[in-house]
Structures are given as structure tokens and as C-alpha cells.
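Here is the structure we will look at.
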Amino acid sequence: MAKDGDWYYRITTDDKVVGSCARDVVLERSRSLTAVDSPGTTPRRWEPVDDCIRTGVGTDWVEGPTVFKDNTGDGWWIFMDEAGGRGYLPFHTDSLAEPRWSLPGDHALPSRPRHGTVLPVTAEELARVRAAYPGTSS
């Protein structure tokens, strides 16, 4: 989940419960972080923003999505694990409200990361971590 402006966004794997594609990923938003939807909730409290995301980008089945804002503030990333395939892949969009997903061809991620999340840290926090653990890579 991520907050952008007045909206909370969530990205989840889906099998035609919310979206229109089987074994895919959907992006939804709500103004309430604690809103709850069941498959039959009408009207939905989380409104669909985008579906068929992995199909649109052209990957096999993905799981374990984690969303975060780009360090430059110019866009959003969702890392998803292409299970049984290439491992974690970086999906990018400039906007969560009007997403246009791409998979950069020049990406380089560690070869075997597992499901997790990305947490923002300040330059000061990073400096303290590096000082506490010298010799580790950034």
C-alpha cells in the first residue's frame, strides 16, 4: 500500500475477483485506509484503478507486490516476483492515479530477493547505518 495525496493505493494479486484477467494484478484506491470490501460489496469502497497489469507488461504470473515512490519523486515502482521466472521485476509508472506501466529493459536487481518491502530512509539515516556496518555495500 502507498498514500499519494488524499488516496491510499493497494496492489494485489487477483483471479477475476476484482479485475477482468485471470492470474493477474489489480490496483485499487480508497480515501480510507481501513475500508473493507468483500467480493460482493456494492458499491466497492476500494475503487478499481487498473487491472491486467502483468498481462499488459507481458510477464508470467507475478506475486508479492510491493509499491514505493521513486527516490526522485518522479514516479512509482512496484516490485513483483515473477514466480518460477526471472525473479523480482521492477514495474514503473509516473502516476498511480493514471498508471501506464513499463518494465525497464536495463534493470538490475539482486538475483534471489524474496518477498519484502522497500522502506524510505533519509541520507542521515543511511549514513548512520553505513557507519555502524562499515564495509557493507549500499
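If you're wondering about the labels, chains in the C-alpha cells are A, B, ... by order shown, residues count from 1 in each chain, ligands from 1 in order shown.
Residue neighbourhood of Gly40 in chain A, excluding near-sequence residues (fewer than 5 positions): A:Val17, A:Val18, A:Arg45, at 12 Å, using only C-alpha atoms.
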Please dump the current selection as a short mmCIF file (atom, residue, chain, number, x, y, z; two decimals), in the first residue's frame; keep C-alpha atoms.
```cif
data_model
loop_
_atom_site.label_atom_id
_atom_site.label_comp_id
_atom_site.auth_asym_id
_atom_site.auth_seq_id
_atom_site.Cartn_x
_atom_site.Cartn_y
_atom_site.Cartn_z
CA VAL A 17 -12.46 -11.29 -8.25
CA VAL A 18 -11.89 -7.55 -8.75
CA ARG A 45 -15.12 1.01 -1.01
#
```
Can you list, as a VMD selection string, every protein, DNA or RNA residue that comes within 6 Å of range 91-102 of chain A when you count only C-alpha atoms, leaving out same-chain residues fewer than 3 positions away? chain A and resid 75 to 78
Writer output for current selection, all heavy atoms, as a PDB file, in the first residue's frame:
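This is the output file part_38.pdb:
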```pdb
ATOM      1  N   GLY A  75       7.984   9.288  -9.900  1.00  0.00           N
ATOM      2  CA  GLY A  75       7.154   8.166 -10.299  1.00  0.00           C
ATOM      3  C   GLY A  75       7.043   7.137  -9.198  1.00  0.00           C
ATOM      4  O   GLY A  75       7.446   7.374  -8.054  1.00  0.00           O
ATOM      5  N   TRP A  76       6.509   5.998  -9.572  1.00  0.00           N
ATOM      6  CA  TRP A  76       6.242   4.914  -8.635  1.00  0.00           C
ATOM      7  C   TRP A  76       6.787   3.609  -9.177  1.00  0.00           C
ATOM      8  O   TRP A  76       6.814   3.388 -10.391  1.00  0.00           O
ATOM      9  CB  TRP A  76       4.734   4.775  -8.419  1.00  0.00           C
ATOM     10  CG  TRP A  76       4.164   5.951  -7.715  1.00  0.00           C
ATOM     11  CD1 TRP A  76       3.716   7.117  -8.279  1.00  0.00           C
ATOM     12  CD2 TRP A  76       3.993   6.103  -6.319  1.00  0.00           C
ATOM     13  NE1 TRP A  76       3.273   7.972  -7.299  1.00  0.00           N
ATOM     14  CE2 TRP A  76       3.423   7.372  -6.097  1.00  0.00           C
ATOM     15  CE3 TRP A  76       4.246   5.270  -5.225  1.00  0.00           C
ATOM     16  CZ2 TRP A  76       3.111   7.838  -4.821  1.00  0.00           C
ATOM     17  CZ3 TRP A  76       3.937   5.737  -3.961  1.00  0.00           C
ATOM     18  CH2 TRP A  76       3.380   7.005  -3.763  1.00  0.00           C
ATOM     19  N   TRP A  77       7.207   2.755  -8.269  1.00  0.00           N
ATOM     20  CA  TRP A  77       7.706   1.430  -8.619  1.00  0.00           C
ATOM     21  C   TRP A  77       6.887   0.379  -7.883  1.00  0.00           C
ATOM     22  O   TRP A  77       6.493   0.592  -6.736  1.00  0.00           O
ATOM     23  CB  TRP A  77       9.171   1.269  -8.197  1.00  0.00           C
ATOM     24  CG  TRP A  77      10.077   2.159  -8.969  1.00  0.00           C
ATOM     25  CD1 TRP A  77      10.493   3.414  -8.616  1.00  0.00           C
ATOM     26  CD2 TRP A  77      10.676   1.871 -10.225  1.00  0.00           C
ATOM     27  NE1 TRP A  77      11.313   3.925  -9.581  1.00  0.00           N
ATOM     28  CE2 TRP A  77      11.454   2.997 -10.585  1.00  0.00           C
ATOM     29  CE3 TRP A  77      10.636   0.779 -11.088  1.00  0.00           C
ATOM     30  CZ2 TRP A  77      12.175   3.051 -11.773  1.00  0.00           C
ATOM     31  CZ3 TRP A  77      11.362   0.837 -12.265  1.00  0.00           C
ATOM     32  CH2 TRP A  77      12.122   1.971 -12.596  1.00  0.00           C
ATOM     33  N   ILE A  78       6.637  -0.711  -8.555  1.00  0.00           N
ATOM     34  CA  ILE A  78       6.075  -1.887  -7.907  1.00  0.00           C
ATOM     35  C   ILE A  78       6.992  -3.044  -8.259  1.00  0.00           C
ATOM     36  O   ILE A  78       7.193  -3.353  -9.433  1.00  0.00           O
ATOM     37  CB  ILE A  78       4.633  -2.178  -8.367  1.00  0.00           C
ATOM     38  CG1 ILE A  78       3.739  -1.015  -7.939  1.00  0.00           C
ATOM     39  CG2 ILE A  78       4.153  -3.493  -7.778  1.00  0.00           C
ATOM     40  CD1 ILE A  78       2.304  -1.151  -8.365  1.00  0.00           C
TER      41      ILE A  78
END
```
Strand (DSSP E) positions in chain A, given as number ranges by chain: A: 2-4, 7-14, 24-30, 47-50, 62-69, 76-82, 87-93
Need to verify the contact set: Arg31 in chain A, 9 Å, only C-alpha atoms, exclusion of same-chain residues closer than 2 positions in sequence. Can you return it as an mmCIF file with N, CA, C and O atoms, in the first residue's frame?
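Written out: result13.cif:
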```cif
data_model
loop_
_atom_site.group_PDB
_atom_site.id
_atom_site.type_symbol
_atom_site.label_atom_id
_atom_site.label_comp_id
_atom_site.auth_asym_id
_atom_site.auth_seq_id
_atom_site.Cartn_x
_atom_site.Cartn_y
_atom_site.Cartn_z
ATOM 1 N N ASP A 6 -4.637 12.456 -1.302
ATOM 2 C CA ASP A 6 -5.719 12.037 -0.404
ATOM 3 C C ASP A 6 -6.087 10.564 -0.566
ATOM 4 O O ASP A 6 -7.033 10.097 0.062
ATOM 5 N N TRP A 7 -5.381 9.845 -1.418
ATOM 6 C CA TRP A 7 -5.740 8.469 -1.744
ATOM 7 C C TRP A 7 -4.748 7.461 -1.185
ATOM 8 O O TRP A 7 -3.541 7.703 -1.185
ATOM 9 N N TYR A 8 -5.278 6.329 -0.746
ATOM 10 C CA TYR A 8 -4.474 5.158 -0.420
ATOM 11 C C TYR A 8 -4.592 4.202 -1.610
ATOM 12 O O TYR A 8 -5.698 3.982 -2.119
ATOM 13 N N TYR A 9 -3.479 3.656 -2.039
ATOM 14 C CA TYR A 9 -3.456 2.722 -3.156
ATOM 15 C C TYR A 9 -2.999 1.359 -2.654
ATOM 16 O O TYR A 9 -2.097 1.275 -1.812
ATOM 17 N N ARG A 29 -7.897 2.018 -5.193
ATOM 18 C CA ARG A 29 -7.654 3.143 -4.292
ATOM 19 C C ARG A 29 -8.878 3.422 -3.443
ATOM 20 O O ARG A 29 -10.015 3.115 -3.825
ATOM 21 N N LEU A 33 -8.040 4.174 4.617
ATOM 22 C CA LEU A 33 -7.109 3.053 4.711
ATOM 23 C C LEU A 33 -7.782 1.817 5.287
ATOM 24 O O LEU A 33 -7.422 0.693 4.951
ATOM 25 N N ALA A 35 -10.954 0.877 4.881
ATOM 26 C CA ALA A 35 -12.130 0.423 4.126
ATOM 27 C C ALA A 35 -12.017 -1.072 3.865
ATOM 28 O O ALA A 35 -10.930 -1.596 3.634
ATOM 29 N N ARG A 45 -15.776 -0.059 -1.775
ATOM 30 C CA ARG A 45 -15.124 1.010 -1.007
ATOM 31 C C ARG A 45 -13.718 1.275 -1.546
ATOM 32 O O ARG A 45 -13.158 2.327 -1.331
ATOM 33 N N TRP A 46 -13.136 0.267 -2.185
ATOM 34 C CA TRP A 46 -11.861 0.422 -2.894
ATOM 35 C C TRP A 46 -12.201 0.428 -4.377
ATOM 36 O O TRP A 46 -12.687 -0.563 -4.910
#
```
I'd like the neighbourhood of Pro90 in chain A as a ChimeraX atom specification, where a residue qualifies if any of its atoms comes within 10 Å (using only C-alpha atoms), though same-chain residues fewer than 6 positions away should be ignored. /A:65-67,76-81,101-105,107-109
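Every residue of range 13-130 of chain A with a DSSP assignment of helix (DSSP H, G or I), taken from the backbone, is listed as Ile53, Arg54, Thr55, Gly56, Val57, Ala123, Glu124, Glu125, Leu126, Ala127, Arg128, Val129 and Arg130 of chain A.
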Could you save the residues just selected, with C-alpha atoms, as a short mmCIF file (atom, residue, chain, number, x, y, z; two decimals), in the first residue's frame?
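Output file result-v5.cif is given in full below:
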```
data_model
loop_
_atom_site.label_atom_id
_atom_site.label_comp_id
_atom_site.auth_asym_id
_atom_site.auth_seq_id
_atom_site.Cartn_x
_atom_site.Cartn_y
_atom_site.Cartn_z
CA ILE A 53 -1.18 -5.14 -15.08
CA ARG A 54 1.18 -8.09 -15.57
CA THR A 55 -0.58 -9.09 -18.80
CA GLY A 56 -0.20 -5.55 -20.13
CA VAL A 57 3.52 -5.55 -19.41
CA ALA A 123 20.51 10.47 3.86
CA GLU A 124 21.25 10.94 7.58
CA GLU A 125 19.76 7.54 8.45
CA LEU A 126 21.73 5.87 5.66
CA ALA A 127 24.95 7.48 6.90
CA ARG A 128 24.31 6.11 10.42
CA VAL A 129 23.71 2.59 9.07
CA ARG A 130 26.87 2.74 6.95
#
```
Might you pull out every residue within 9 Å of Pro120 in chain A, with only C-alpha atoms counted and same-chain residues fewer than 3 positions away left off, and present them as a VMD selection string? chain A and resid 68 to 69 71
Restricting it to N, CA and C atoms, dump the selection as a CSV table (one decimal), in the first residue's frame.
```csv
chain,number,residue,atom,x,y,z
A,68,PHE,N,6.3,1.5,-4.0
A,68,PHE,CA,7.0,2.6,-3.3
A,68,PHE,C,7.3,3.8,-4.3
A,69,LYS,N,7.4,5.0,-3.7
A,69,LYS,CA,7.7,6.2,-4.6
A,69,LYS,C,9.2,6.2,-5.0
A,71,ASN,N,12.8,7.5,-5.6
A,71,ASN,CA,13.7,8.4,-4.8
A,71,ASN,C,13.6,9.9,-5.3
```
